[in-house]
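Asker: Pasting entry_25.csv below, which is CSV, C-alpha atoms and all ligand atoms.
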chain,number,residue,atom,x,y,z
C,3,MET,CA,-31.7,-9.9,5.3
C,4,ASN,CA,-33.5,-12.8,3.7
C,5,GLN,CA,-32.0,-15.9,2.1
C,6,THR,CA,-32.1,-14.5,-1.4
C,7,SER,CA,-29.8,-11.5,-0.4
C,8,ALA,CA,-26.7,-11.2,-2.5
C,9,ARG,CA,-23.5,-12.3,-0.7
C,10,GLY,CA,-21.8,-9.4,1.1
C,11,ARG,CA,-18.4,-8.1,0.0
C,12,PHE,CA,-15.2,-8.7,2.0
C,13,ILE,CA,-12.7,-5.8,2.1
C,14,THR,CA,-9.3,-5.9,3.9
C,15,PHE,CA,-6.7,-3.4,4.8
C,16,GLU,CA,-3.0,-4.3,4.9
C,17,GLY,CA,0.4,-2.7,5.4
C,18,ILE,CA,3.2,-2.4,7.8
C,19,ASP,CA,2.7,-1.1,11.3
C,20,GLY,CA,2.1,2.7,11.2
C,21,ALA,CA,0.9,2.7,7.6
C,22,GLY,CA,-2.2,4.7,8.5
C,23,LYS,CA,-4.9,2.0,8.0
C,24,SER,CA,-6.9,2.6,11.1
C,25,SER,CA,-8.4,6.1,10.4
C,26,GLN,CA,-9.0,5.2,6.7
C,27,ILE,CA,-11.0,2.1,7.7
C,28,GLU,CA,-13.4,4.3,9.6
C,29,ALA,CA,-13.8,6.4,6.5
C,30,VAL,CA,-14.6,3.5,4.2
C,31,VAL,CA,-17.1,2.1,6.7
C,32,SER,CA,-18.9,5.5,6.9
C,33,VAL,CA,-19.0,5.8,3.1
C,34,LEU,CA,-20.6,2.3,2.7
C,35,ARG,CA,-23.1,2.9,5.5
C,36,GLU,CA,-24.1,6.2,3.9
C,37,ARG,CA,-25.0,4.1,0.9
C,38,GLY,CA,-27.3,2.0,3.1
C,39,ILE,CA,-25.0,-1.0,3.2
C,40,ALA,CA,-24.9,-3.1,6.4
C,41,VAL,CA,-21.2,-3.3,7.4
C,42,GLU,CA,-19.3,-5.2,10.0
C,43,GLN,CA,-16.0,-3.6,10.9
C,44,SER,CA,-13.5,-6.0,12.4
C,45,ARG,CA,-9.8,-6.7,12.8
C,46,GLU,CA,-7.1,-9.5,13.0
C,47,PRO,CA,-5.8,-10.9,15.1
C,48,GLY,CA,-9.1,-10.4,17.0
C,49,GLY,CA,-12.7,-9.9,15.9
C,50,THR,CA,-14.3,-12.4,18.3
C,51,PRO,CA,-14.1,-12.6,22.1
C,52,LEU,CA,-11.6,-15.5,21.9
C,53,GLY,CA,-9.7,-13.9,19.1
C,54,GLU,CA,-9.3,-10.7,21.1
C,55,ARG,CA,-7.8,-12.8,24.0
C,56,LEU,CA,-5.4,-14.5,21.5
C,57,ARG,CA,-4.5,-11.0,20.2
C,58,ASP,CA,-3.5,-9.9,23.6
C,59,LEU,CA,-1.1,-12.9,23.9
C,60,LEU,CA,0.2,-12.4,20.3
C,61,LEU,CA,1.0,-8.8,20.8
C,62,HIS,CA,2.6,-9.1,24.3
C,63,GLU,CA,3.7,-12.6,25.2
C,64,PRO,CA,7.1,-14.0,24.1
C,65,MET,CA,6.5,-17.2,22.1
C,66,HIS,CA,8.0,-19.6,19.5
C,67,LEU,CA,7.6,-18.2,16.0
C,68,GLU,CA,5.5,-21.2,14.9
C,69,THR,CA,3.3,-20.8,18.0
C,70,GLU,CA,2.7,-17.2,16.8
C,71,ALA,CA,1.9,-18.4,13.3
C,72,MET,CA,-0.6,-21.0,14.5
C,73,LEU,CA,-2.3,-18.7,17.0
C,74,MET,CA,-2.8,-16.2,14.1
C,75,PHE,CA,-4.6,-18.9,12.2
C,76,ALA,CA,-6.5,-20.2,15.3
C,77,ALA,CA,-7.9,-16.6,15.9
C,78,ARG,CA,-8.7,-16.5,12.2
C,79,ARG,CA,-10.6,-19.8,12.3
C,80,GLU,CA,-12.8,-18.4,15.0
C,81,HIS,CA,-13.2,-15.1,13.2
C,82,VAL,CA,-14.2,-16.8,9.9
C,83,ALA,CA,-16.7,-19.1,11.6
C,84,ARG,CA,-18.3,-16.7,13.9
C,85,LEU,CA,-18.2,-13.3,12.2
C,86,ILE,CA,-17.0,-13.2,8.6
C,87,GLU,CA,-18.9,-16.1,7.0
C,88,PRO,CA,-22.2,-15.5,8.8
C,89,ALA,CA,-22.1,-11.8,7.8
C,90,LEU,CA,-21.2,-12.4,4.2
C,91,SER,CA,-23.8,-15.1,3.8
C,92,ALA,CA,-26.5,-12.7,5.2
C,93,GLY,CA,-25.5,-10.0,2.7
C,94,ARG,CA,-23.6,-7.8,5.1
C,95,TRP,CA,-20.2,-6.5,4.0
C,96,VAL,CA,-17.1,-7.1,6.2
C,97,VAL,CA,-14.3,-4.5,6.4
C,98,CYS,CA,-11.4,-5.9,8.2
C,99,ASP,CA,-8.0,-4.6,9.4
C,100,ARG,CA,-5.7,-7.4,8.2
C,101,PHE,CA,-6.4,-11.0,7.1
C,102,SER,CA,-4.2,-13.8,5.7
C,103,ASP,CA,-2.0,-11.6,3.6
C,104,ALA,CA,-0.6,-10.3,6.9
C,105,THR,CA,0.5,-13.8,7.8
C,106,PHE,CA,2.3,-14.2,4.5
C,107,ALA,CA,3.9,-10.8,5.0
C,108,TYR,CA,4.8,-11.0,8.7
C,109,GLN,CA,5.3,-14.7,9.4
C,110,VAL,CA,6.7,-15.7,6.0
C,111,GLY,CA,8.4,-12.5,4.9
C,112,GLY,CA,9.3,-11.0,8.3
C,113,ARG,CA,10.0,-14.1,10.3
C,114,GLY,CA,11.2,-16.3,7.5
C,115,LEU,CA,8.8,-19.3,8.0
C,116,ASP,CA,8.1,-21.6,5.1
C,117,ALA,CA,5.3,-20.3,2.8
C,118,ALA,CA,4.1,-23.8,1.9
C,119,LYS,CA,3.0,-24.5,5.5
C,120,PHE,CA,0.7,-21.4,5.2
C,121,ASP,CA,-0.8,-22.4,1.9
C,122,VAL,CA,-1.9,-25.6,3.8
C,123,LEU,CA,-3.3,-23.6,6.8
C,124,GLU,CA,-5.0,-21.1,4.5
C,125,SER,CA,-6.8,-23.9,2.6
C,126,TRP,CA,-7.7,-25.5,5.9
C,127,VAL,CA,-9.0,-22.4,7.7
C,128,HIS,CA,-10.7,-20.5,4.9
C,129,PRO,CA,-11.0,-22.7,1.7
C,130,GLY,CA,-12.4,-20.7,-1.2
C,131,LEU,CA,-12.6,-17.5,0.9
C,132,GLN,CA,-10.4,-14.5,-0.2
C,133,PRO,CA,-11.1,-10.8,0.2
C,134,ASP,CA,-12.9,-9.2,-2.8
C,135,LEU,CA,-10.7,-6.2,-2.4
C,136,THR,CA,-7.5,-5.6,-0.4
C,137,LEU,CA,-6.1,-2.1,0.0
C,138,LEU,CA,-2.3,-2.4,0.6
C,139,PHE,CA,-0.9,0.7,2.3
C,140,ASP,CA,2.6,1.0,1.1
C,141,LEU,CA,5.3,3.3,2.5
C,142,PRO,CA,8.9,3.3,3.5
C,143,PRO,CA,9.5,1.6,6.9
C,144,GLU,CA,11.3,4.6,8.3
C,145,VAL,CA,8.2,6.8,7.7
C,146,ALA,CA,5.9,4.2,9.3
C,147,ALA,CA,8.3,3.8,12.3
C,148,SER,CA,8.3,7.5,12.9
C,149,ARG,CA,4.5,7.6,12.9
C,150,VAL,CA,4.4,4.7,15.4
C,151,ARG,CA,6.9,6.5,17.7
C,152,SER,CA,4.9,9.7,17.5
C,153,THR,CA,1.8,8.0,18.9
C,154,GLY,CA,3.7,7.7,22.2
C,155,VAL,CA,2.0,4.3,22.9
C,156,ASN,CA,4.2,1.5,24.3
C,157,PRO,CA,5.3,-0.6,21.3
C,158,ASP,CA,4.1,-4.2,21.1
C,159,ARG,CA,6.1,-7.3,20.0
C,160,PHE,CA,5.8,-6.4,16.4
C,161,GLU,CA,6.3,-2.7,16.6
C,162,ARG,CA,9.6,-3.3,18.5
C,163,GLU,CA,11.1,-5.1,15.4
C,164,GLN,CA,13.9,-3.3,13.5
C,165,ARG,CA,13.9,-1.7,10.1
C,166,ASP,CA,15.1,-4.9,8.3
C,167,PHE,CA,12.1,-6.8,9.5
C,168,PHE,CA,9.7,-4.2,8.1
C,169,VAL,CA,11.7,-4.1,4.8
C,170,ARG,CA,11.1,-7.8,4.4
C,171,VAL,CA,7.4,-7.5,5.4
C,172,ARG,CA,6.9,-4.7,2.9
C,173,ASP,CA,8.6,-6.7,0.1
C,174,ALA,CA,6.5,-9.7,0.9
C,175,TYR,CA,3.3,-7.6,0.7
C,176,LEU,CA,4.4,-6.1,-2.6
C,177,GLU,CA,5.3,-9.5,-4.1
C,178,ARG,CA,1.8,-10.8,-3.1
C,179,ALA,CA,0.2,-7.7,-4.6
C,180,HIS,CA,2.0,-8.2,-7.9
C,181,ARG,CA,0.7,-11.8,-8.0
C,182,ALA,CA,-2.9,-10.8,-7.4
C,183,PRO,CA,-3.2,-7.3,-9.0
C,184,GLN,CA,-7.0,-7.5,-9.4
C,185,ARG,CA,-7.6,-8.2,-5.8
C,186,ILE,CA,-4.8,-6.2,-4.1
C,187,ARG,CA,-4.6,-2.5,-4.8
C,188,ILE,CA,-1.4,-0.7,-3.7
C,189,ILE,CA,-2.0,2.6,-2.1
C,190,ASP,CA,0.9,5.1,-1.7
C,191,ALA,CA,0.5,5.7,2.0
C,192,ASP,CA,3.2,8.3,2.2
C,193,ARG,CA,0.7,11.1,1.4
C,194,SER,CA,-1.8,13.2,3.3
C,195,PRO,CA,-4.8,11.4,4.8
C,196,GLU,CA,-7.1,13.4,2.5
C,197,GLN,CA,-5.3,12.2,-0.6
C,198,ILE,CA,-5.4,8.6,0.5
C,199,ARG,CA,-9.0,8.8,1.5
C,200,ALA,CA,-9.9,10.3,-1.9
C,201,GLN,CA,-8.1,7.4,-3.8
C,202,ILE,CA,-9.7,4.7,-1.6
C,203,GLU,CA,-13.2,6.2,-2.1
C,204,ALA,CA,-12.6,6.3,-5.9
C,205,ILE,CA,-11.4,2.6,-5.9
C,206,VAL,CA,-14.5,1.5,-4.0
C,207,ALA,CA,-16.8,3.6,-6.2
C,208,GLU,CA,-15.3,2.3,-9.4
C,209,ARG,CA,-15.5,-1.3,-8.3
C,210,TRP,CA,-19.1,-1.4,-7.0
C,211,PHE,CA,-20.9,1.8,-7.6
C,212,ALA,CA,-19.9,2.9,-11.1
H,301,LIG,N1,-1.4,9.9,5.9
H,301,LIG,C1,-0.8,10.1,7.1
H,301,LIG,N2,0.2,11.0,7.3
H,301,LIG,C2,0.7,11.2,8.5
H,301,LIG,N3,0.4,10.6,9.6
H,301,LIG,C3,-0.6,9.7,9.6
H,301,LIG,C4,-1.2,9.4,8.3
H,301,LIG,N4,-2.1,8.4,8.5
H,301,LIG,C5,-2.1,8.1,9.9
H,301,LIG,N5,-1.1,8.9,10.5
H,301,LIG,C6,-0.7,8.8,11.9
H,301,LIG,O1,0.2,7.8,12.0
H,301,LIG,C7,-0.1,7.0,13.2
H,301,LIG,C8,-0.4,5.6,12.9
H,301,LIG,O2,-1.6,5.5,12.1
H,301,LIG,P1,-2.6,4.3,12.2
H,301,LIG,O3,-3.8,4.6,11.4
H,301,LIG,O4,-2.8,3.9,13.6
H,301,LIG,O5,-1.7,3.2,11.4
H,301,LIG,P2,-1.9,1.6,11.4
H,301,LIG,O6,-3.3,1.3,11.8
H,301,LIG,O7,-1.7,1.3,9.9
H,301,LIG,O8,-0.9,1.0,12.2
H,301,LIG,C9,-1.2,7.8,13.9
H,301,LIG,O9,-0.7,8.6,14.9
H,301,LIG,C10,-1.9,8.5,12.8
H,301,LIG,O10,-2.5,9.7,13.3
H,302,LIG,C1,-3.3,-10.6,11.2
H,302,LIG,C2,-1.8,-10.6,11.5
H,302,LIG,C3,-1.3,-9.6,12.2
H,302,LIG,N1,0.1,-9.6,12.5
H,302,LIG,C4,0.7,-8.5,13.2
H,302,LIG,C5,0.8,-7.2,12.5
H,302,LIG,C6,0.7,-6.2,13.5
H,302,LIG,O1,2.0,-5.8,14.0
H,302,LIG,C7,0.0,-6.8,14.7
H,302,LIG,C8,-1.3,-6.2,15.1
H,302,LIG,O2,-2.0,-5.8,14.0
H,302,LIG,P1,-2.6,-4.3,13.9
H,302,LIG,O3,-3.5,-4.1,15.1
H,302,LIG,O4,-3.2,-4.1,12.6
H,302,LIG,O5,-1.4,-3.4,14.1
H,302,LIG,P2,-1.2,-1.9,13.7
H,302,LIG,O6,-2.5,-1.2,14.0
H,302,LIG,O7,-0.1,-1.5,14.6
H,302,LIG,O8,-0.8,-1.8,12.3
H,302,LIG,O9,-0.2,-8.2,14.3
H,302,LIG,C9,0.9,-10.7,12.1
H,302,LIG,O10,2.1,-10.7,12.3
H,302,LIG,N2,0.3,-11.7,11.4
H,302,LIG,C10,-1.0,-11.8,11.0
H,302,LIG,O11,-1.5,-12.7,10.4
Re-express the file's structure as structure tokens.

Answerer:
Amino acid sequence: MNQTSARGRFITFEGIDGAGKSSQIEAVVSVLRERGIAVEQSREPGGTPLGERLRDLLLHEPMHLETEAMLMFAARREHVARLIEPALSAGRWVVCDRFSDATFAYQVGGRGLDAAKFDVLESWVHPGLQPDLTLLFDLPPEVAASRVRSTGVNPDRFEREQRDFFVRVRDAYLERAHRAPQRIRIIDADRSPEQIRAQIEAIVAERWFA
């Protein structure tokens, strides 16, 4: 890409654990690539070598809740500097499994930490950067939990949380979506993968390829 390329678009996927984001991300990335768009697929926490090491700690190591919150933003700082900003500036699109909305949902909604502290961290770590589009996979926590159980994979620190925790996370996501309806689109994730995929493809097409 040369320096006159248009800036890339930043798309994020959000939702409680087991909402079904992972397979749909692959589908969106394929659709964009079929249109000839250069796409970086990434995830948080993670997305860089250091970020992936922090992810391992975050998912498995017991820690103070504020340590957890700050490590999420430390991994994000690295991710923004090394992957997200360089890609967007070069005209590549970034499709990412979670970003700062997850911190507001999990650390503020779920853990009960003070939102004001995260407004400060957000404006420190990624001033002026927000996703162009966020797809929020919404579904009842019990449906998501049964999906997580059915994978048979050992649950991590977050997946071991109880229903009440995920009720709070879900409510925090929905409240954030209602405050930013243009950016955050709510997807009813308690449907078949085919129905969800069709809706997401329609949203992306309507926004950028109409
Ligand atoms: N729409 C769906 N209906 C039923 N099961 C689903 C659906 N989407 C995903 N799953 C299954 O639920 C589990 C969790 O899905 P996954 O995509 O890993 O969720 P997430 O990445 O949001 O945690 C997987 O076993 C997946 O096959
Ligand atoms: C990015 C982020 C993730 N998380 C949590 C949510 C997830 O439980 C976990 C890992 O994310 P993820 O890999 O998306 O989990 P899953 O595929 O099971 O949905 O990290 C936070 O608590 N805060 C954050 O800021």

Asker: Select from chain C every residue with an atom at most 12 Å from any atom of ligand LIG 301 (chain H), then for each give the shortest pair of atoms and their distance in Å to one decimal, using only C-alpha atoms and all ligand atoms, rows by chain and rising number, as a tab-separated table.

Answerer:
residue	atom	partner	partner_atom	distance
C:Phe15	CA	H:LIG301	O7	8.5
C:Glu16	CA	H:LIG301	O7	7.6
C:Gly17	CA	H:LIG301	O7	6.4
C:Ile18	CA	H:LIG301	O7	6.5
C:Asp19	CA	H:LIG301	O8	4.3
C:Gly20	CA	H:LIG301	O8	3.6
C:Ala21	CA	H:LIG301	O7	3.7
C:Gly22	CA	H:LIG301	O5	3.3
C:Lys23	CA	H:LIG301	O7	3.8
C:Ser24	CA	H:LIG301	O3	3.7
C:Ser25	CA	H:LIG301	O3	4.9
C:Gln26	CA	H:LIG301	O3	7.0
C:Ile27	CA	H:LIG301	O3	8.5
C:Glu28	CA	H:LIG301	O3	9.8
C:Ala29	CA	H:LIG301	O3	11.3
C:Arg45	CA	H:LIG301	O6	10.4
C:Glu46	CA	H:LIG301	O6	11.5
C:Cys98	CA	H:LIG301	O6	11.4
C:Asp99	CA	H:LIG301	O6	7.9
C:Arg100	CA	H:LIG301	O6	9.7
C:Leu137	CA	H:LIG301	O7	11.4
C:Leu138	CA	H:LIG301	O7	10.0
C:Phe139	CA	H:LIG301	O7	7.7
C:Asp140	CA	H:LIG301	O7	9.8
C:Leu141	CA	H:LIG301	N1	10.0
C:Pro143	CA	H:LIG301	O7	11.6
C:Val145	CA	H:LIG301	C2	8.7
C:Ala146	CA	H:LIG301	O1	7.3
C:Ala147	CA	H:LIG301	C8	8.9
C:Ser148	CA	H:LIG301	O1	8.2
C:Arg149	CA	H:LIG301	O1	4.4
C:Val150	CA	H:LIG301	C8	5.5
C:Arg151	CA	H:LIG301	C7	8.3
C:Ser152	CA	H:LIG301	O9	6.3
C:Thr153	CA	H:LIG301	O9	4.8
C:Gly154	CA	H:LIG301	O9	8.6
C:Val155	CA	H:LIG301	O9	9.5
C:Pro157	CA	H:LIG301	O8	11.1
C:Asp158	CA	H:LIG301	O8	11.5
C:Phe160	CA	H:LIG301	O8	10.8
C:Glu161	CA	H:LIG301	O8	9.2
C:Ile189	CA	H:LIG301	N1	10.8
C:Asp190	CA	H:LIG301	N1	9.3
C:Ala191	CA	H:LIG301	N1	6.0
C:Asp192	CA	H:LIG301	N1	6.1
C:Arg193	CA	H:LIG301	N1	5.1
C:Ser194	CA	H:LIG301	N1	4.2
C:Pro195	CA	H:LIG301	N1	3.9
C:Glu196	CA	H:LIG301	N1	7.5
C:Gln197	CA	H:LIG301	N1	7.9
C:Ile198	CA	H:LIG301	N1	6.8
C:Arg199	CA	H:LIG301	N1	8.9
C:Ala200	CA	H:LIG301	N1	11.5

Asker: What's the separation between atom CA of C:Val171 and atom CA of C:Gly111, in Å to one decimal place?

Answerer: 5.1 Å

Asker: Counting all atoms listed in the file, which residue out of C:Phe167, C:Trp126, C:Phe12, C:Trp95 sits closest to ligand LIG 302 (chain H)?

Answerer: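 Counting all atoms listed in the file, the residue closest to ligand LIG 302 (chain H) is C:Phe167.
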
Asker: Which of these residues is nearest to C:Phe211, using only C-alpha atoms: C:Leu34, C:Leu90, C:Met72, C:Glu42?

Answerer: C:Leu34

Asker: Please determine, counting only C-alpha atoms, which residue among C:Lys119, C:His81, C:His128, C:Arg113 has the shortest atom-to-atom distance to C:Val169.

Answerer: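 Smallest distance to C:Val169 is found for C:Arg113.
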
Asker: Please provide the set of residues having any atom within 12 Å of C:Arg187, restricted to all atoms listed in the file, with same-chain residues fewer than 5 positions apart removed, written as a list in words.

Answerer: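 Here the qualifying residues turn out to be Ile13, Thr14, Phe15, Glu16, Gly17, Pro133, Asp134, Leu135, Thr136, Leu137, Leu138, Phe139, Asp140, Tyr175, Leu176, Arg178, Ala179, His180, Arg181, Ala182, Gln201, Ile202, Ala204, Ile205, Val206 and Arg209 of chain C.
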
Asker: Go ahead and save the residues from that selection, with C-alpha atoms, as a PDB file, keeping the file's coordinate frame.

Answerer:
ATOM      1  CA  ILE C  13     -12.700  -5.800   2.100  1.00  0.00           C
ATOM      2  CA  THR C  14      -9.300  -5.900   3.900  1.00  0.00           C
ATOM      3  CA  PHE C  15      -6.700  -3.400   4.800  1.00  0.00           C
ATOM      4  CA  GLU C  16      -3.000  -4.300   4.900  1.00  0.00           C
ATOM      5  CA  GLY C  17       0.400  -2.700   5.400  1.00  0.00           C
ATOM      6  CA  PRO C 133     -11.100 -10.800   0.200  1.00  0.00           C
ATOM      7  CA  ASP C 134     -12.900  -9.200  -2.800  1.00  0.00           C
ATOM      8  CA  LEU C 135     -10.700  -6.200  -2.400  1.00  0.00           C
ATOM      9  CA  THR C 136      -7.500  -5.600  -0.400  1.00  0.00           C
ATOM     10  CA  LEU C 137      -6.100  -2.100   0.000  1.00  0.00           C
ATOM     11  CA  LEU C 138      -2.300  -2.400   0.600  1.00  0.00           C
ATOM     12  CA  PHE C 139      -0.900   0.700   2.300  1.00  0.00           C
ATOM     13  CA  ASP C 140       2.600   1.000   1.100  1.00  0.00           C
ATOM     14  CA  TYR C 175       3.300  -7.600   0.700  1.00  0.00           C
ATOM     15  CA  LEU C 176       4.400  -6.100  -2.600  1.00  0.00           C
ATOM     16  CA  ARG C 178       1.800 -10.800  -3.100  1.00  0.00           C
ATOM     17  CA  ALA C 179       0.200  -7.700  -4.600  1.00  0.00           C
ATOM     18  CA  HIS C 180       2.000  -8.200  -7.900  1.00  0.00           C
ATOM     19  CA  ARG C 181       0.700 -11.800  -8.000  1.00  0.00           C
ATOM     20  CA  ALA C 182      -2.900 -10.800  -7.400  1.00  0.00           C
ATOM     21  CA  GLN C 201      -8.100   7.400  -3.800  1.00  0.00           C
ATOM     22  CA  ILE C 202      -9.700   4.700  -1.600  1.00  0.00           C
ATOM     23  CA  ALA C 204     -12.600   6.300  -5.900  1.00  0.00           C
ATOM     24  CA  ILE C 205     -11.400   2.600  -5.900  1.00  0.00           C
ATOM     25  CA  VAL C 206     -14.500   1.500  -4.000  1.00  0.00           C
ATOM     26  CA  ARG C 209     -15.500  -1.300  -8.300  1.00  0.00           C
TER      27      ARG C 209
END

Asker: Between atom CA of C:Val97 and atom CA of C:Glu163, what is the distance in Å, rounded to a tenth?

Answerer: 27.0 Å

Asker: When you count all atoms listed in the file, which of these residues is closest to C:Glu177: C:Ala207, C:Ala118, C:Pro142, C:Asp103?

Answerer: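 Counting all atoms listed in the file, the residue closest to C:Glu177 is C:Asp103.
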
Asker: So how far away is atom CA of C:Arg79 from atom CA of C:Gly93, in Å?

Answerer: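 So the two atoms, atom CA of C:Gly93 and atom CA of C:Arg79, lie 20.3 Å apart.
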
Asker: Which residue is closest to C:Ala8? Choose from C:Val82, C:Val127, C:Ala92, C:Met65 and count all atoms listed in the file.

Answerer: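 Closest to C:Ala8 of all the choices is C:Ala92.
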
Asker: Between C:Glu36, C:Glu87, C:Glu124, C:Asp173, which residue has the minimum interatomic distance to ligand LIG 302 (chain H), considering only C-alpha atoms and all ligand atoms?

Answerer: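 Distance minimum relative to ligand LIG 302 (chain H) lands on C:Glu124.
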